[in-house]
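Trainee: One structure coming up, written as structure tokens, with questions to follow.
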Amino acid sequence: MTAQSEIFDCVVVGGGPSGATAADDLARAGRTVALLDRAGRIKPCGGAIPPRCIADFAIPPDLLVARIRSARMVSPKRRDVDMPIDGGFVGMVDREHFDEWLRERAARSGASRLAGTFEDLARDPDGTAVIRYRPKGAPSGTVAEVRARSVIGADGARSALAKAEVKGGDSVKCVFAYHEIVRSPAPAADDSFDPARCDVHYRGVVSPDFYGWIFPHGDTTSVGTGSARKGFALRDAVGRLRADVGLGGAETLRREGAPIPMKPLKRWDNGRDLVLAGDAAGVVAPASGEGIYYAMLGGRLAADAVAEFLETGRSKALAGARRRFMKEHGQVFFILGLMQAVWYRSDGMRERFVKLCRDPDVQRLTWDSYMNKRIKRSDPMAHLRVFFKDMAHLLRLATP
């Protein structure tokens, strides 16, 4: 049967980490799946994946183009704070190759790959979902169709499926991100560039409400920034950052930009046959902008919810994806959102925030939370010490 005549158990729209993971999980469970993706698009992304992501989603070591052993926080006054990772590392991936490997894994598990651009969702008289898309390379006006009993919308921030099918899906708050992939230089004698260190710049000239980054990817490096402030010149800011750190003359290989959601949507399903995942659902961590792990987890939970829906016929099962995600990570998202609102609002507060990062308790708790995706509760005194230090900086009882 052709994709046009077959009724799939599920069509996944979007082949990034979230959609590819959902398609792979459903295919391995024996479901018929079509994965529709705009082949060739590369999302701007720092490319960091923590150890839990590598373990939970069986990421092979050869996909890691770098292993990061520390982070450097840079304040508005150019004060550096290094945060070493004790006994571990953060993996870095190149989204151009990482995403394609995930899509190919889904295909090896049995998913049918379709290359094209989503147009709209219609329905047959019996209620079957009809995904209409323009095949890649087809003449303008050419439209193909694929039918399914369920749909996973993993079509990114400002998702067309979210806007059309989910209440509140047109109101996601976004930061616009822009980065340039440059040829990595040799390690610098003055320590200004280290291929095993991520640099994070909390400087208003680089971003008035987010941060700038320098993330090594082996032979290449991502230099970028983001902001929700309308009119802020992201490309100029990246040029300034590159010049400041000695990467102004590095060869530029490509430039990319895209919106990144900063808050999970209040609803991920349409109460009928569709559930959102990844950026379409808004699952990018506030403050840090981390998205790959949360996207893949969102894809897995969406696949679980769809599998239950297909098994039982109960559309309420689709709401389980958001419920399970927020139960596990809602508290972390709330804390990170509060942190961004408080600490990123001015250069004065950013200066205090970077100073706070010198504290050993802050560093230990930050890395444990990031690497393992949990809030560590086994050391209450460390949390208490951080709380009082936090309050001292907020009340300006501590010098920046």
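Order determines the names: the first chain of the structure tokens is A, the second B, and so forth; residues in each chain are numbered 1 upward, and ligands are numbered 1 upward as they are shown.
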Looking only at the backbone, which of the residues in segment 205-386 of chain A does DSSP tag as strand (DSSP E), as a PDB file with all heavy atoms, in the first residue's frame?

Mentor:
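And here's result11.pdb as it stands now:
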```pdb
ATOM      1  N   GLY A 212      24.475  34.996  25.828  1.00  0.00           N
ATOM      2  CA  GLY A 212      25.215  34.591  24.641  1.00  0.00           C
ATOM      3  C   GLY A 212      26.050  33.374  24.963  1.00  0.00           C
ATOM      4  O   GLY A 212      26.368  33.102  26.123  1.00  0.00           O
ATOM      5  N   TRP A 213      26.418  32.606  23.930  1.00  0.00           N
ATOM      6  CA  TRP A 213      27.139  31.371  24.200  1.00  0.00           C
ATOM      7  C   TRP A 213      28.245  31.126  23.184  1.00  0.00           C
ATOM      8  O   TRP A 213      28.187  31.588  22.044  1.00  0.00           O
ATOM      9  CB  TRP A 213      26.193  30.182  24.206  1.00  0.00           C
ATOM     10  CG  TRP A 213      25.556  29.856  22.880  1.00  0.00           C
ATOM     11  CD1 TRP A 213      26.085  29.123  21.853  1.00  0.00           C
ATOM     12  CD2 TRP A 213      24.256  30.262  22.435  1.00  0.00           C
ATOM     13  NE1 TRP A 213      25.205  29.031  20.809  1.00  0.00           N
ATOM     14  CE2 TRP A 213      24.070  29.720  21.132  1.00  0.00           C
ATOM     15  CE3 TRP A 213      23.223  31.016  23.007  1.00  0.00           C
ATOM     16  CZ2 TRP A 213      22.906  29.929  20.406  1.00  0.00           C
ATOM     17  CZ3 TRP A 213      22.062  31.214  22.282  1.00  0.00           C
ATOM     18  CH2 TRP A 213      21.910  30.672  20.997  1.00  0.00           C
ATOM     19  N   ILE A 214      29.234  30.367  23.627  1.00  0.00           N
ATOM     20  CA  ILE A 214      30.293  29.827  22.777  1.00  0.00           C
ATOM     21  C   ILE A 214      30.409  28.355  23.143  1.00  0.00           C
ATOM     22  O   ILE A 214      30.930  28.004  24.202  1.00  0.00           O
ATOM     23  CB  ILE A 214      31.634  30.558  22.991  1.00  0.00           C
ATOM     24  CG1 ILE A 214      31.477  32.048  22.698  1.00  0.00           C
ATOM     25  CG2 ILE A 214      32.720  29.955  22.111  1.00  0.00           C
ATOM     26  CD1 ILE A 214      32.640  32.884  23.161  1.00  0.00           C
ATOM     27  N   PHE A 215      29.875  27.492  22.285  1.00  0.00           N
ATOM     28  CA  PHE A 215      29.818  26.066  22.573  1.00  0.00           C
ATOM     29  C   PHE A 215      30.642  25.304  21.534  1.00  0.00           C
ATOM     30  O   PHE A 215      30.265  25.220  20.361  1.00  0.00           O
ATOM     31  CB  PHE A 215      28.375  25.562  22.519  1.00  0.00           C
ATOM     32  CG  PHE A 215      27.518  26.002  23.688  1.00  0.00           C
ATOM     33  CD1 PHE A 215      26.174  25.674  23.718  1.00  0.00           C
ATOM     34  CD2 PHE A 215      28.047  26.737  24.736  1.00  0.00           C
ATOM     35  CE1 PHE A 215      25.374  26.065  24.784  1.00  0.00           C
ATOM     36  CE2 PHE A 215      27.252  27.139  25.803  1.00  0.00           C
ATOM     37  CZ  PHE A 215      25.914  26.796  25.826  1.00  0.00           C
ATOM     38  N   PRO A 216      31.781  24.728  21.926  1.00  0.00           N
ATOM     39  CA  PRO A 216      32.617  23.967  20.996  1.00  0.00           C
ATOM     40  C   PRO A 216      31.959  22.660  20.576  1.00  0.00           C
ATOM     41  O   PRO A 216      31.345  21.961  21.391  1.00  0.00           O
ATOM     42  CB  PRO A 216      33.891  23.703  21.806  1.00  0.00           C
ATOM     43  CG  PRO A 216      33.865  24.688  22.926  1.00  0.00           C
ATOM     44  CD  PRO A 216      32.416  24.874  23.240  1.00  0.00           C
ATOM     45  N   HIS A 217      32.096  22.336  19.287  1.00  0.00           N
ATOM     46  CA  HIS A 217      31.578  21.091  18.723  1.00  0.00           C
ATOM     47  C   HIS A 217      32.693  20.342  18.006  1.00  0.00           C
ATOM     48  O   HIS A 217      32.520  19.880  16.883  1.00  0.00           O
ATOM     49  CB  HIS A 217      30.468  21.378  17.709  1.00  0.00           C
ATOM     50  CG  HIS A 217      29.213  21.907  18.293  1.00  0.00           C
ATOM     51  ND1 HIS A 217      28.185  22.406  17.533  1.00  0.00           N
ATOM     52  CD2 HIS A 217      28.816  22.036  19.580  1.00  0.00           C
ATOM     53  CE1 HIS A 217      27.203  22.817  18.322  1.00  0.00           C
ATOM     54  NE2 HIS A 217      27.567  22.601  19.559  1.00  0.00           N
ATOM     55  N   THR A 220      34.032  22.391  14.831  1.00  0.00           N
ATOM     56  CA  THR A 220      33.269  23.637  14.696  1.00  0.00           C
ATOM     57  C   THR A 220      32.853  24.144  16.070  1.00  0.00           C
ATOM     58  O   THR A 220      32.939  23.425  17.073  1.00  0.00           O
ATOM     59  CB  THR A 220      32.020  23.446  13.820  1.00  0.00           C
ATOM     60  OG1 THR A 220      31.122  22.533  14.470  1.00  0.00           O
ATOM     61  CG2 THR A 220      32.403  22.905  12.447  1.00  0.00           C
ATOM     62  N   THR A 221      32.385  25.380  16.096  1.00  0.00           N
ATOM     63  CA  THR A 221      31.924  26.007  17.341  1.00  0.00           C
ATOM     64  C   THR A 221      30.681  26.834  17.052  1.00  0.00           C
ATOM     65  O   THR A 221      30.622  27.543  16.042  1.00  0.00           O
ATOM     66  CB  THR A 221      33.019  26.911  17.943  1.00  0.00           C
ATOM     67  OG1 THR A 221      34.123  26.089  18.363  1.00  0.00           O
ATOM     68  CG2 THR A 221      32.507  27.698  19.145  1.00  0.00           C
ATOM     69  N   SER A 222      29.700  26.716  17.948  1.00  0.00           N
ATOM     70  CA  SER A 222      28.481  27.529  17.851  1.00  0.00           C
ATOM     71  C   SER A 222      28.664  28.793  18.688  1.00  0.00           C
ATOM     72  O   SER A 222      28.964  28.725  19.880  1.00  0.00           O
ATOM     73  CB  SER A 222      27.274  26.733  18.366  1.00  0.00           C
ATOM     74  OG  SER A 222      26.159  27.578  18.585  1.00  0.00           O
ATOM     75  N   VAL A 223      28.489  29.946  18.040  1.00  0.00           N
ATOM     76  CA  VAL A 223      28.538  31.243  18.730  1.00  0.00           C
ATOM     77  C   VAL A 223      27.181  31.898  18.520  1.00  0.00           C
ATOM     78  O   VAL A 223      26.798  32.180  17.380  1.00  0.00           O
ATOM     79  CB  VAL A 223      29.652  32.148  18.182  1.00  0.00           C
ATOM     80  CG1 VAL A 223      29.756  33.426  19.014  1.00  0.00           C
ATOM     81  CG2 VAL A 223      30.988  31.413  18.151  1.00  0.00           C
ATOM     82  N   GLY A 224      26.457  32.119  19.606  1.00  0.00           N
ATOM     83  CA  GLY A 224      25.096  32.612  19.414  1.00  0.00           C
ATOM     84  C   GLY A 224      24.572  33.417  20.574  1.00  0.00           C
ATOM     85  O   GLY A 224      25.244  33.627  21.591  1.00  0.00           O
ATOM     86  N   THR A 225      23.336  33.872  20.407  1.00  0.00           N
ATOM     87  CA  THR A 225      22.646  34.624  21.446  1.00  0.00           C
ATOM     88  C   THR A 225      21.144  34.501  21.211  1.00  0.00           C
ATOM     89  O   THR A 225      20.703  33.941  20.197  1.00  0.00           O
ATOM     90  CB  THR A 225      23.073  36.098  21.454  1.00  0.00           C
ATOM     91  OG1 THR A 225      22.517  36.748  22.606  1.00  0.00           O
ATOM     92  CG2 THR A 225      22.594  36.830  20.208  1.00  0.00           C
ATOM     93  N   GLY A 226      20.375  35.007  22.153  1.00  0.00           N
ATOM     94  CA  GLY A 226      18.928  35.002  22.012  1.00  0.00           C
ATOM     95  C   GLY A 226      18.321  36.152  22.769  1.00  0.00           C
ATOM     96  O   GLY A 226      18.930  36.693  23.708  1.00  0.00           O
ATOM     97  N   SER A 227      17.130  36.548  22.380  1.00  0.00           N
ATOM     98  CA  SER A 227      16.429  37.624  23.077  1.00  0.00           C
ATOM     99  C   SER A 227      14.959  37.615  22.692  1.00  0.00           C
ATOM    100  O   SER A 227      14.601  37.272  21.556  1.00  0.00           O
ATOM    101  CB  SER A 227      17.039  38.986  22.734  1.00  0.00           C
ATOM    102  OG  SER A 227      16.306  40.030  23.372  1.00  0.00           O
ATOM    103  N   THR A 252      33.264  31.368   8.891  1.00  0.00           N
ATOM    104  CA  THR A 252      31.855  31.130   9.172  1.00  0.00           C
ATOM    105  C   THR A 252      31.321  30.081   8.203  1.00  0.00           C
ATOM    106  O   THR A 252      31.380  30.260   6.990  1.00  0.00           O
ATOM    107  CB  THR A 252      31.027  32.417   9.040  1.00  0.00           C
ATOM    108  OG1 THR A 252      31.564  33.415   9.929  1.00  0.00           O
ATOM    109  CG2 THR A 252      29.568  32.179   9.389  1.00  0.00           C
ATOM    110  N   LEU A 253      30.796  28.993   8.739  1.00  0.00           N
ATOM    111  CA  LEU A 253      30.316  27.877   7.916  1.00  0.00           C
ATOM    112  C   LEU A 253      28.828  27.965   7.615  1.00  0.00           C
ATOM    113  O   LEU A 253      28.381  27.612   6.538  1.00  0.00           O
ATOM    114  CB  LEU A 253      30.633  26.550   8.615  1.00  0.00           C
ATOM    115  CG  LEU A 253      32.118  26.325   8.929  1.00  0.00           C
ATOM    116  CD1 LEU A 253      32.307  25.021   9.685  1.00  0.00           C
ATOM    117  CD2 LEU A 253      32.939  26.315   7.639  1.00  0.00           C
ATOM    118  N   ARG A 254      28.043  28.436   8.581  1.00  0.00           N
ATOM    119  CA  ARG A 254      26.618  28.653   8.324  1.00  0.00           C
ATOM    120  C   ARG A 254      26.020  29.538   9.412  1.00  0.00           C
ATOM    121  O   ARG A 254      26.587  29.683  10.506  1.00  0.00           O
ATOM    122  CB  ARG A 254      25.843  27.330   8.237  1.00  0.00           C
ATOM    123  CG  ARG A 254      25.831  26.477   9.480  1.00  0.00           C
ATOM    124  CD  ARG A 254      25.020  25.198   9.249  1.00  0.00           C
ATOM    125  NE  ARG A 254      24.705  24.521  10.495  1.00  0.00           N
ATOM    126  CZ  ARG A 254      25.363  23.477  10.985  1.00  0.00           C
ATOM    127  NH1 ARG A 254      26.389  22.997  10.308  1.00  0.00           N
ATOM    128  NH2 ARG A 254      25.001  22.920  12.119  1.00  0.00           N
ATOM    129  N   ARG A 255      24.888  30.135   9.078  1.00  0.00           N
ATOM    130  CA  ARG A 255      24.156  31.006  10.001  1.00  0.00           C
ATOM    131  C   ARG A 255      22.720  30.506  10.094  1.00  0.00           C
ATOM    132  O   ARG A 255      22.112  30.188   9.083  1.00  0.00           O
ATOM    133  CB  ARG A 255      24.171  32.463   9.518  1.00  0.00           C
ATOM    134  CG  ARG A 255      25.561  33.082   9.430  1.00  0.00           C
ATOM    135  CD  ARG A 255      25.459  34.524   8.913  1.00  0.00           C
ATOM    136  NE  ARG A 255      26.737  35.215   8.963  1.00  0.00           N
ATOM    137  CZ  ARG A 255      27.631  35.215   7.988  1.00  0.00           C
ATOM    138  NH1 ARG A 255      27.371  34.526   6.860  1.00  0.00           N
ATOM    139  NH2 ARG A 255      28.764  35.874   8.109  1.00  0.00           N
ATOM    140  N   GLU A 256      22.164  30.467  11.319  1.00  0.00           N
ATOM    141  CA  GLU A 256      20.814  29.947  11.517  1.00  0.00           C
ATOM    142  C   GLU A 256      20.099  30.725  12.604  1.00  0.00           C
ATOM    143  O   GLU A 256      20.727  31.195  13.559  1.00  0.00           O
ATOM    144  CB  GLU A 256      20.871  28.456  11.911  1.00  0.00           C
ATOM    145  CG  GLU A 256      21.481  27.560  10.851  1.00  0.00           C
ATOM    146  CD  GLU A 256      22.222  26.362  11.414  1.00  0.00           C
ATOM    147  OE1 GLU A 256      22.309  26.251  12.660  1.00  0.00           O
ATOM    148  OE2 GLU A 256      22.725  25.556  10.609  1.00  0.00           O
ATOM    149  N   GLY A 257      18.792  30.833  12.461  1.00  0.00           N
ATOM    150  CA  GLY A 257      17.983  31.496  13.475  1.00  0.00           C
ATOM    151  C   GLY A 257      16.617  30.862  13.574  1.00  0.00           C
ATOM    152  O   GLY A 257      16.104  30.313  12.589  1.00  0.00           O
ATOM    153  N   ALA A 258      16.022  30.917  14.766  1.00  0.00           N
ATOM    154  CA  ALA A 258      14.691  30.329  14.957  1.00  0.00           C
ATOM    155  C   ALA A 258      14.138  30.761  16.305  1.00  0.00           C
ATOM    156  O   ALA A 258      14.903  31.083  17.224  1.00  0.00           O
ATOM    157  CB  ALA A 258      14.747  28.807  14.892  1.00  0.00           C
ATOM    158  N   PRO A 259      12.799  30.776  16.450  1.00  0.00           N
ATOM    159  CA  PRO A 259      12.207  31.043  17.769  1.00  0.00           C
ATOM    160  C   PRO A 259      12.354  29.824  18.673  1.00  0.00           C
ATOM    161  O   PRO A 259      12.308  28.678  18.207  1.00  0.00           O
ATOM    162  CB  PRO A 259      10.738  31.316  17.438  1.00  0.00           C
ATOM    163  CG  PRO A 259      10.487  30.582  16.170  1.00  0.00           C
ATOM    164  CD  PRO A 259      11.785  30.618  15.398  1.00  0.00           C
ATOM    165  N   ILE A 260      12.545  30.072  19.956  1.00  0.00           N
ATOM    166  CA  ILE A 260      12.643  29.005  20.946  1.00  0.00           C
ATOM    167  C   ILE A 260      11.620  29.293  22.041  1.00  0.00           C
ATOM    168  O   ILE A 260      11.671  30.350  22.673  1.00  0.00           O
ATOM    169  CB  ILE A 260      14.053  28.932  21.554  1.00  0.00           C
ATOM    170  CG1 ILE A 260      15.076  28.591  20.471  1.00  0.00           C
ATOM    171  CG2 ILE A 260      14.105  27.905  22.672  1.00  0.00           C
ATOM    172  CD1 ILE A 260      16.505  28.575  20.971  1.00  0.00           C
ATOM    173  N   PRO A 261      10.666  28.380  22.285  1.00  0.00           N
ATOM    174  CA  PRO A 261       9.648  28.624  23.315  1.00  0.00           C
ATOM    175  C   PRO A 261      10.250  28.595  24.711  1.00  0.00           C
ATOM    176  O   PRO A 261      11.213  27.873  24.961  1.00  0.00           O
ATOM    177  CB  PRO A 261       8.660  27.468  23.107  1.00  0.00           C
ATOM    178  CG  PRO A 261       9.479  26.393  22.486  1.00  0.00           C
ATOM    179  CD  PRO A 261      10.501  27.076  21.634  1.00  0.00           C
ATOM    180  N   LEU A 274      -4.911  14.148  18.589  1.00  0.00           N
ATOM    181  CA  LEU A 274      -3.617  14.799  18.365  1.00  0.00           C
ATOM    182  C   LEU A 274      -2.997  15.224  19.682  1.00  0.00           C
ATOM    183  O   LEU A 274      -3.693  15.714  20.579  1.00  0.00           O
ATOM    184  CB  LEU A 274      -3.786  16.011  17.451  1.00  0.00           C
ATOM    185  CG  LEU A 274      -2.543  16.869  17.186  1.00  0.00           C
ATOM    186  CD1 LEU A 274      -2.529  17.378  15.739  1.00  0.00           C
ATOM    187  CD2 LEU A 274      -2.453  18.063  18.155  1.00  0.00           C
ATOM    188  N   VAL A 275      -1.669  15.068  19.777  1.00  0.00           N
ATOM    189  CA  VAL A 275      -0.915  15.545  20.925  1.00  0.00           C
ATOM    190  C   VAL A 275       0.374  16.193  20.430  1.00  0.00           C
ATOM    191  O   VAL A 275       0.950  15.778  19.419  1.00  0.00           O
ATOM    192  CB  VAL A 275      -0.618  14.397  21.920  1.00  0.00           C
ATOM    193  CG1 VAL A 275       0.261  13.322  21.285  1.00  0.00           C
ATOM    194  CG2 VAL A 275       0.032  14.926  23.195  1.00  0.00           C
ATOM    195  N   LEU A 276       0.810  17.250  21.105  1.00  0.00           N
ATOM    196  CA  LEU A 276       2.023  17.981  20.745  1.00  0.00           C
ATOM    197  C   LEU A 276       3.232  17.427  21.488  1.00  0.00           C
ATOM    198  O   LEU A 276       3.104  16.805  22.544  1.00  0.00           O
ATOM    199  CB  LEU A 276       1.870  19.467  21.084  1.00  0.00           C
ATOM    200  CG  LEU A 276       0.686  20.195  20.461  1.00  0.00           C
ATOM    201  CD1 LEU A 276       0.584  21.616  21.008  1.00  0.00           C
ATOM    202  CD2 LEU A 276       0.791  20.217  18.937  1.00  0.00           C
TER     203      LEU A 276
END
```

Trainee: Find the distance between atom CA of Met296 of chain A and atom CA of Lys167 of chain A and write it in Å to one decimal.

Mentor: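 Separation between atom CA of Met296 of chain A and atom CA of Lys167 of chain A: 23.0 Å.
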
Trainee: Rank nothing, just name the residue among A:Ser207, A:Ser70, A:Thr142, A:Ser18 nearest to Leu102 of chain A, using only C-alpha atoms.

Mentor: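 Counting only C-alpha atoms, the residue closest to Leu102 of chain A is A:Ser18.
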
Trainee: From the options A:Gly14, A:Gly169, A:Gly116, A:Pro139, which residue's atoms come nearest to Asp99 of chain A, counting only C-alpha atoms?

Mentor: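 Between A:Gly14, A:Gly169, A:Gly116, A:Pro139, the residue approaching Asp99 of chain A most closely is A:Gly14.
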
Trainee: List the neighbours of Ile292 of chain A out to 9 Å using only C-alpha atoms; skip same-chain residues closer than 2 positions along the sequence, and give me the result as a PDB file with N, CA and C atoms, in the first residue's frame.

Mentor:
```pdb
ATOM      1  N   PRO A  17      14.493  15.983  17.203  1.00  0.00           N
ATOM      2  CA  PRO A  17      14.672  14.976  18.264  1.00  0.00           C
ATOM      3  C   PRO A  17      13.360  14.476  18.862  1.00  0.00           C
ATOM      4  N   SER A  18      12.375  15.366  19.012  1.00  0.00           N
ATOM      5  CA  SER A  18      11.103  14.955  19.597  1.00  0.00           C
ATOM      6  C   SER A  18      10.319  14.048  18.669  1.00  0.00           C
ATOM      7  N   CYS A  45      21.159  25.652  17.595  1.00  0.00           N
ATOM      8  CA  CYS A  45      21.153  24.959  18.878  1.00  0.00           C
ATOM      9  C   CYS A  45      22.574  24.834  19.378  1.00  0.00           C
ATOM     10  N   GLY A  47      23.595  22.431  21.165  1.00  0.00           N
ATOM     11  CA  GLY A  47      23.946  21.030  20.945  1.00  0.00           C
ATOM     12  C   GLY A  47      24.327  20.245  22.178  1.00  0.00           C
ATOM     13  N   ALA A  48      24.002  20.736  23.377  1.00  0.00           N
ATOM     14  CA  ALA A  48      24.407  20.051  24.607  1.00  0.00           C
ATOM     15  C   ALA A  48      23.388  18.986  24.999  1.00  0.00           C
ATOM     16  N   ILE A  49      23.880  17.791  25.342  1.00  0.00           N
ATOM     17  CA  ILE A  49      23.017  16.742  25.881  1.00  0.00           C
ATOM     18  C   ILE A  49      23.671  16.173  27.147  1.00  0.00           C
ATOM     19  N   CYS A  53      20.354  12.078  29.148  1.00  0.00           N
ATOM     20  CA  CYS A  53      19.846  11.972  27.779  1.00  0.00           C
ATOM     21  C   CYS A  53      20.568  10.861  27.031  1.00  0.00           C
ATOM     22  N   GLY A 278       7.783  18.302  22.106  1.00  0.00           N
ATOM     23  CA  GLY A 278       8.964  19.125  21.842  1.00  0.00           C
ATOM     24  C   GLY A 278       8.660  20.604  21.857  1.00  0.00           C
ATOM     25  N   VAL A 284      11.079  23.828  26.310  1.00  0.00           N
ATOM     26  CA  VAL A 284      12.474  24.255  26.384  1.00  0.00           C
ATOM     27  C   VAL A 284      12.658  24.900  27.746  1.00  0.00           C
ATOM     28  N   GLU A 290      17.822  24.963  27.416  1.00  0.00           N
ATOM     29  CA  GLU A 290      18.086  23.570  27.064  1.00  0.00           C
ATOM     30  C   GLU A 290      16.828  22.932  26.489  1.00  0.00           C
ATOM     31  N   TYR A 294      14.631  17.513  26.840  1.00  0.00           N
ATOM     32  CA  TYR A 294      13.201  17.682  27.104  1.00  0.00           C
ATOM     33  C   TYR A 294      12.371  17.386  25.853  1.00  0.00           C
ATOM     34  N   ALA A 295      12.913  17.700  24.676  1.00  0.00           N
ATOM     35  CA  ALA A 295      12.207  17.375  23.434  1.00  0.00           C
ATOM     36  C   ALA A 295      12.089  15.871  23.257  1.00  0.00           C
ATOM     37  N   MET A 296      13.171  15.158  23.499  1.00  0.00           N
ATOM     38  CA  MET A 296      13.147  13.706  23.333  1.00  0.00           C
ATOM     39  C   MET A 296      12.228  13.049  24.355  1.00  0.00           C
ATOM     40  N   LEU A 297      12.265  13.549  25.586  1.00  0.00           N
ATOM     41  CA  LEU A 297      11.353  13.027  26.597  1.00  0.00           C
ATOM     42  C   LEU A 297       9.905  13.325  26.204  1.00  0.00           C
TER      43      LEU A 297
END
```
